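Note sheet for the following structure.
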Amino acid sequence: MKKEKALEEIHTRHSLICQCALRDTATRAVWGNGNADADIVFIGEAPGKKEDQEGIPFVGSAGKFLNEMLASIALRREDIYITNTVKYRPPNNRDPLPQEKLDCRAWLIDEISLINPLLIIPLGRHALEYFLPNARISEVHGQLFETTLSDFGKRAIVPLYHPAAALYNGGLRATLKEDFLLIPKFLATLRKSA
Ligand code: URA
């Protein structure tokens, strides 16, 4: 079966079985989106208002900023895959609760193991905690880590600040843009050793 079709089946299955309480308040599930054969998977926090309306991750202002940064390294959304720790919008965009993340975790694990990317980019602390549980984003952003986790397997990680956090903070914005420019170099290293 082609990867795309298998990915669609993962989303369809988890949409039916996911027990996350955010289902009660969200308009719809926001599935991961992009290239099923991508070398890079970006993982955000949770859908916002626009994502909840459209059913596509990162289509609001954080998404526009992300698209600009992708363009700065000659990537388009079609080249990457992007998803979130939780697939339903939390009310008023509050942080997802531990139980909500836990209830959506199997969904994320299935997406990642199918795509099996060379590089995972957690955007912000909620996605970061899955891969480097005790790390602080302010200390690890823009660095390459290789880690082996019981449910995500052997993974290369480059944590970045979340684009929404950087959107209105000039300092973080500059740091995120600089970190982004390091991605091609990390990817080339990983391709060589793959
Ligand atoms: N922020 C996220 O973390 N995810 C989205 O899909 C949009 C904004």
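Residue names in the structure tokens use chain letters A, B, ... in the order shown, residue numbers from 1 in each chain, and ligand numbers from 1 in the order shown.
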
Could you pull the residues within 9 Å of Leu132 (chain A), counting only C-alpha atoms, minus those fewer than 6 positions along the same chain, as a list in words?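 Those residues are Phe145, Thr147 and Ile157 of chain A.
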
Residues at most 7 Å from ligand 1, using only C-alpha atoms and all ligand atoms? Could they come as a count of residues only? 15

Surrounding residues of Leu128 (chain A) excluding itself and chain neighbours under 4 positions, 9 Å, only C-alpha atoms, as a ChimeraX atom specification: /A:43,121-124,132-133,135-137,157,159-160

Write out as a short mmCIF file (atom, residue, chain, number, x, y, z; two decimals) with all heavy atoms, in the first residue's frame the residues lying within 9 Å of region 3-5 of chain A, counting only C-alpha atoms and excluding same-chain residues fewer than 4 positions away.
```cif
data_model
loop_
_atom_site.label_atom_id
_atom_site.label_comp_id
_atom_site.auth_asym_id
_atom_site.auth_seq_id
_atom_site.Cartn_x
_atom_site.Cartn_y
_atom_site.Cartn_z
N GLU A 9 -5.32 6.21 6.30
CA GLU A 9 -5.97 5.21 7.14
C GLU A 9 -5.68 5.44 8.62
O GLU A 9 -6.54 5.25 9.47
CB GLU A 9 -5.52 3.81 6.73
CG GLU A 9 -6.22 3.39 5.46
CD GLU A 9 -6.04 1.91 5.15
OE1 GLU A 9 -5.61 1.15 6.04
OE2 GLU A 9 -6.34 1.55 4.01
N ILE A 10 -4.43 5.85 8.90
CA ILE A 10 -4.07 6.16 10.30
C ILE A 10 -4.97 7.29 10.81
O ILE A 10 -5.54 7.21 11.90
CB ILE A 10 -2.57 6.55 10.41
CG1 ILE A 10 -1.70 5.31 10.26
CG2 ILE A 10 -2.27 7.29 11.72
CD1 ILE A 10 -0.20 5.60 10.16
N ASN A 35 3.74 15.94 3.01
CA ASN A 35 4.31 14.86 2.21
C ASN A 35 4.57 13.61 3.06
O ASN A 35 5.35 13.66 4.02
CB ASN A 35 5.63 15.39 1.62
CG ASN A 35 6.22 14.47 0.60
OD1 ASN A 35 6.01 13.27 0.64
ND2 ASN A 35 6.99 15.04 -0.32
N ALA A 36 3.92 12.51 2.70
CA ALA A 36 4.07 11.27 3.48
C ALA A 36 5.49 10.70 3.36
O ALA A 36 5.89 9.86 4.17
CB ALA A 36 3.05 10.25 3.02
N ASP A 37 6.24 11.15 2.34
CA ASP A 37 7.63 10.68 2.17
C ASP A 37 8.64 11.73 2.64
O ASP A 37 9.82 11.65 2.28
CB ASP A 37 7.90 10.39 0.68
CG ASP A 37 7.23 9.10 0.24
OD1 ASP A 37 7.45 8.09 0.93
OD2 ASP A 37 6.49 9.12 -0.75
N LEU A 114 5.15 5.67 10.54
CA LEU A 114 4.91 5.42 9.11
C LEU A 114 5.81 6.29 8.24
O LEU A 114 6.45 5.80 7.30
CB LEU A 114 3.44 5.70 8.75
CG LEU A 114 3.18 5.49 7.26
CD1 LEU A 114 2.91 4.02 6.95
CD2 LEU A 114 2.05 6.34 6.75
N ILE A 115 5.89 7.56 8.53
CA ILE A 115 6.68 8.48 7.69
C ILE A 115 8.17 8.20 7.88
O ILE A 115 8.95 8.25 6.93
CB ILE A 115 6.34 9.95 8.02
CG1 ILE A 115 4.87 10.21 7.70
CG2 ILE A 115 7.23 10.92 7.24
CD1 ILE A 115 4.34 11.54 8.20
#
```

What lies within 9 Å of region 25-32 of chain A using only C-alpha atoms, ignoring chain neighbours under 5 positions off, as a CSV table (one decimal) with N, CA, C and O atoms, in the first residue's frame?
```csv
chain,number,residue,atom,x,y,z
A,11,HIS,N,-5.1,8.4,10.0
A,11,HIS,CA,-5.9,9.5,10.5
A,11,HIS,C,-7.4,9.1,10.6
A,11,HIS,O,-8.0,9.5,11.5
A,15,SER,N,-9.2,9.2,14.2
A,15,SER,CA,-10.4,10.1,14.3
A,15,SER,C,-11.5,9.4,14.9
A,15,SER,O,-12.3,10.0,15.6
A,43,ILE,N,6.5,19.3,14.3
A,43,ILE,CA,5.4,19.0,15.3
A,43,ILE,C,5.1,20.2,16.1
A,43,ILE,O,5.9,20.7,16.9
A,46,ALA,N,-0.9,22.5,19.1
A,46,ALA,CA,-2.3,22.2,19.0
A,46,ALA,C,-2.9,23.1,17.9
A,46,ALA,O,-2.4,24.3,17.7
A,47,PRO,N,-4.0,22.7,17.2
A,47,PRO,CA,-4.6,23.6,16.3
A,47,PRO,C,-5.2,24.9,16.9
A,47,PRO,O,-5.6,24.8,18.1
A,51,GLU,N,-7.1,26.8,12.1
A,51,GLU,CA,-6.9,25.4,11.8
A,51,GLU,C,-8.1,24.6,12.1
A,51,GLU,O,-8.5,23.7,11.4
A,52,ASP,N,-8.8,25.0,13.2
A,52,ASP,CA,-10.0,24.3,13.6
A,52,ASP,C,-11.1,24.5,12.6
A,52,ASP,O,-11.9,23.6,12.3
A,53,GLN,N,-11.1,25.7,12.0
A,53,GLN,CA,-12.1,26.0,11.0
A,53,GLN,C,-11.8,25.3,9.7
A,53,GLN,O,-12.7,24.7,9.0
A,54,GLU,N,-10.5,25.3,9.3
A,54,GLU,CA,-10.2,24.7,8.0
A,54,GLU,C,-9.8,23.2,8.0
A,54,GLU,O,-9.7,22.6,7.0
A,55,GLY,N,-9.4,22.7,9.2
A,55,GLY,CA,-9.0,21.3,9.3
A,55,GLY,C,-7.6,21.0,8.8
A,55,GLY,O,-7.3,19.9,8.5
A,56,ILE,N,-6.8,22.1,8.7
A,56,ILE,CA,-5.4,21.9,8.2
A,56,ILE,C,-4.5,22.6,9.2
A,56,ILE,O,-4.8,23.7,9.7
A,57,PRO,N,-3.4,21.9,9.6
A,57,PRO,CA,-2.5,22.6,10.6
A,57,PRO,C,-1.7,23.8,10.0
A,57,PRO,O,-1.4,23.8,8.8
A,81,TYR,N,6.3,17.4,6.2
A,81,TYR,CA,5.0,17.0,6.8
A,81,TYR,C,4.9,17.7,8.1
A,81,TYR,O,5.9,17.9,8.8
A,82,ILE,N,3.7,18.1,8.5
A,82,ILE,CA,3.5,18.9,9.7
A,82,ILE,C,2.2,18.4,10.4
A,82,ILE,O,1.2,18.1,9.8
A,83,THR,N,2.4,18.3,11.8
A,83,THR,CA,1.3,17.8,12.6
A,83,THR,C,1.4,18.5,14.0
A,83,THR,O,2.2,19.3,14.2
A,84,ASN,N,0.5,18.0,14.9
A,84,ASN,CA,0.5,18.6,16.2
A,84,ASN,C,0.5,17.6,17.3
A,84,ASN,O,0.1,16.4,17.0
A,86,VAL,N,-1.6,17.5,19.9
A,86,VAL,CA,-3.0,17.2,20.0
A,86,VAL,C,-3.7,17.6,18.7
A,86,VAL,O,-3.3,18.6,18.0
A,87,LYS,N,-4.7,16.8,18.3
A,87,LYS,CA,-5.3,17.0,17.0
A,87,LYS,C,-6.6,17.9,17.0
A,87,LYS,O,-7.2,18.1,16.0
A,88,TYR,N,-7.0,18.3,18.3
A,88,TYR,CA,-8.2,19.1,18.4
A,88,TYR,C,-7.8,20.5,19.1
A,88,TYR,O,-7.0,20.5,20.0
A,89,ARG,N,-8.5,21.5,18.7
A,89,ARG,CA,-8.2,22.8,19.2
A,89,ARG,C,-8.7,22.9,20.7
A,89,ARG,O,-9.8,22.7,21.0
A,90,PRO,N,-7.8,23.3,21.6
A,90,PRO,CA,-8.2,23.5,23.0
A,90,PRO,C,-9.0,24.8,23.1
A,90,PRO,O,-8.7,25.8,22.3
A,91,PRO,N,-10.0,24.9,24.0
A,91,PRO,CA,-10.8,26.1,24.1
A,91,PRO,C,-10.0,27.3,24.3
A,91,PRO,O,-9.1,27.3,25.1
A,108,LEU,N,0.1,10.4,17.1
A,108,LEU,CA,1.4,10.9,16.7
A,108,LEU,C,2.4,9.8,16.5
A,108,LEU,O,3.2,9.9,15.5
A,111,GLU,N,1.8,8.2,13.1
A,111,GLU,CA,2.2,9.1,12.0
A,111,GLU,C,3.7,9.0,11.8
A,111,GLU,O,4.2,8.9,10.7
```

Per DSSP on the backbone, what are the strand (DSSP E) residues of region 61-129 of chain A, as JSON, numbers by chain? {"A": [81, 82, 83, 84, 119, 120, 121, 122]}

Write the selection just made, keeping N, CA and C atoms, as a PDB file, in the first residue's frame?
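Full text of part_37.pdb as output:
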```pdb
ATOM      1  N   TYR A  81       6.257  17.404   6.199  1.00  0.00           N
ATOM      2  CA  TYR A  81       5.007  16.951   6.825  1.00  0.00           C
ATOM      3  C   TYR A  81       4.881  17.714   8.133  1.00  0.00           C
ATOM      4  N   ILE A  82       3.663  18.122   8.461  1.00  0.00           N
ATOM      5  CA  ILE A  82       3.476  18.905   9.684  1.00  0.00           C
ATOM      6  C   ILE A  82       2.246  18.419  10.442  1.00  0.00           C
ATOM      7  N   THR A  83       2.427  18.292  11.755  1.00  0.00           N
ATOM      8  CA  THR A  83       1.322  17.800  12.577  1.00  0.00           C
ATOM      9  C   THR A  83       1.392  18.451  13.954  1.00  0.00           C
ATOM     10  N   ASN A  84       0.535  18.045  14.860  1.00  0.00           N
ATOM     11  CA  ASN A  84       0.478  18.642  16.195  1.00  0.00           C
ATOM     12  C   ASN A  84       0.454  17.569  17.276  1.00  0.00           C
ATOM     13  N   LEU A 119      14.579  13.595  10.073  1.00  0.00           N
ATOM     14  CA  LEU A 119      14.685  14.643  11.076  1.00  0.00           C
ATOM     15  C   LEU A 119      13.301  15.037  11.602  1.00  0.00           C
ATOM     16  N   ILE A 120      13.208  15.156  12.930  1.00  0.00           N
ATOM     17  CA  ILE A 120      11.971  15.650  13.552  1.00  0.00           C
ATOM     18  C   ILE A 120      12.259  17.016  14.164  1.00  0.00           C
ATOM     19  N   ILE A 121      11.380  17.961  13.889  1.00  0.00           N
ATOM     20  CA  ILE A 121      11.544  19.308  14.444  1.00  0.00           C
ATOM     21  C   ILE A 121      10.366  19.620  15.365  1.00  0.00           C
ATOM     22  N   PRO A 122      10.567  19.453  16.689  1.00  0.00           N
ATOM     23  CA  PRO A 122       9.512  19.851  17.612  1.00  0.00           C
ATOM     24  C   PRO A 122       9.489  21.377  17.705  1.00  0.00           C
TER      25      PRO A 122
END
```

What parts of region 85-116 of chain A does DSSP call helix (DSSP H, G or I)? I'd like the answer as a list in words.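 Filtering region 85-116 of chain A down to helix (DSSP H, G or I) leaves Pro91, Asn92, Asn93, Pro98, Gln99, Glu100, Lys101, Leu102, Asp103, Cys104, Arg105, Ala106, Trp107, Leu108, Ile109, Asp110, Glu111, Ile112, Ser113, Leu114 and Ile115 of chain A.
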
Can you write just those residues out, N, CA and C atoms, as an mmCIF file, in the first residue's frame?
```cif
data_model
loop_
_atom_site.group_PDB
_atom_site.id
_atom_site.type_symbol
_atom_site.label_atom_id
_atom_site.label_comp_id
_atom_site.auth_asym_id
_atom_site.auth_seq_id
_atom_site.Cartn_x
_atom_site.Cartn_y
_atom_site.Cartn_z
ATOM 1 N N PRO A 91 -10.007 24.896 23.978
ATOM 2 C CA PRO A 91 -10.842 26.104 24.081
ATOM 3 C C PRO A 91 -9.983 27.343 24.315
ATOM 4 N N ASN A 92 -10.267 28.398 23.586
ATOM 5 C CA ASN A 92 -9.524 29.667 23.685
ATOM 6 C C ASN A 92 -8.017 29.500 23.536
ATOM 7 N N ASN A 93 -7.607 28.473 22.835
ATOM 8 C CA ASN A 93 -6.175 28.214 22.567
ATOM 9 C C ASN A 93 -5.346 28.032 23.846
ATOM 10 N N PRO A 98 -2.043 17.506 30.149
ATOM 11 C CA PRO A 98 -1.307 16.240 30.040
ATOM 12 C C PRO A 98 -2.184 15.078 29.548
ATOM 13 N N GLN A 99 -3.407 14.970 30.080
ATOM 14 C CA GLN A 99 -4.263 13.852 29.656
ATOM 15 C C GLN A 99 -4.658 13.980 28.173
ATOM 16 N N GLU A 100 -4.852 15.214 27.716
ATOM 17 C CA GLU A 100 -5.223 15.416 26.299
ATOM 18 C C GLU A 100 -4.061 15.002 25.396
ATOM 19 N N LYS A 101 -2.839 15.338 25.835
ATOM 20 C CA LYS A 101 -1.661 14.943 25.045
ATOM 21 C C LYS A 101 -1.512 13.419 25.048
ATOM 22 N N LEU A 102 -1.765 12.846 26.211
ATOM 23 C CA LEU A 102 -1.659 11.385 26.328
ATOM 24 C C LEU A 102 -2.682 10.702 25.409
ATOM 25 N N ASP A 103 -3.889 11.243 25.366
ATOM 26 C CA ASP A 103 -4.942 10.632 24.557
ATOM 27 C C ASP A 103 -4.672 10.753 23.052
ATOM 28 N N CYS A 104 -3.868 11.743 22.649
ATOM 29 C CA CYS A 104 -3.544 11.909 21.225
ATOM 30 C C CYS A 104 -2.177 11.301 20.874
ATOM 31 N N ARG A 105 -1.491 10.759 21.858
ATOM 32 C CA ARG A 105 -0.101 10.333 21.664
ATOM 33 C C ARG A 105 0.036 9.181 20.660
ATOM 34 N N ALA A 106 -0.865 8.196 20.750
ATOM 35 C CA ALA A 106 -0.772 7.027 19.860
ATOM 36 C C ALA A 106 -0.926 7.460 18.397
ATOM 37 N N TRP A 107 -1.717 8.480 18.184
ATOM 38 C CA TRP A 107 -1.951 9.025 16.837
ATOM 39 C C TRP A 107 -0.627 9.555 16.267
ATOM 40 N N LEU A 108 0.064 10.355 17.096
ATOM 41 C CA LEU A 108 1.354 10.932 16.681
ATOM 42 C C LEU A 108 2.401 9.828 16.450
ATOM 43 N N ILE A 109 2.425 8.850 17.332
ATOM 44 C CA ILE A 109 3.393 7.754 17.195
ATOM 45 C C ILE A 109 3.170 7.038 15.856
ATOM 46 N N ASP A 110 1.911 6.783 15.517
ATOM 47 C CA ASP A 110 1.616 6.079 14.259
ATOM 48 C C ASP A 110 2.026 6.911 13.039
ATOM 49 N N GLU A 111 1.779 8.212 13.095
ATOM 50 C CA GLU A 111 2.171 9.082 11.958
ATOM 51 C C GLU A 111 3.686 9.033 11.761
ATOM 52 N N ILE A 112 4.393 9.175 12.887
ATOM 53 C CA ILE A 112 5.852 9.263 12.795
ATOM 54 C C ILE A 112 6.455 7.928 12.379
ATOM 55 N N SER A 113 5.929 6.841 12.919
ATOM 56 C CA SER A 113 6.566 5.576 12.531
ATOM 57 C C SER A 113 6.287 5.244 11.069
ATOM 58 N N LEU A 114 5.153 5.666 10.541
ATOM 59 C CA LEU A 114 4.906 5.421 9.111
ATOM 60 C C LEU A 114 5.815 6.290 8.236
ATOM 61 N N ILE A 115 5.885 7.563 8.535
ATOM 62 C CA ILE A 115 6.677 8.478 7.692
ATOM 63 C C ILE A 115 8.171 8.203 7.876
#
```

So that I can check the surroundings of Glu78 (chain A), please list as a PyMOL selection string every protein, DNA and RNA residue that reaches within 12 Å of it, counting only C-alpha atoms and ignoring chain neighbours fewer than 2 positions away. chain A and resi 33-41+67+70-71+74-76+80-82

Nearest residue to Asp95 (chain A) out of A:His126, A:Glu146, A:Tyr168, A:Cys18, using only C-alpha atoms?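 Under the stated criterion, the closest residue is A:His126.
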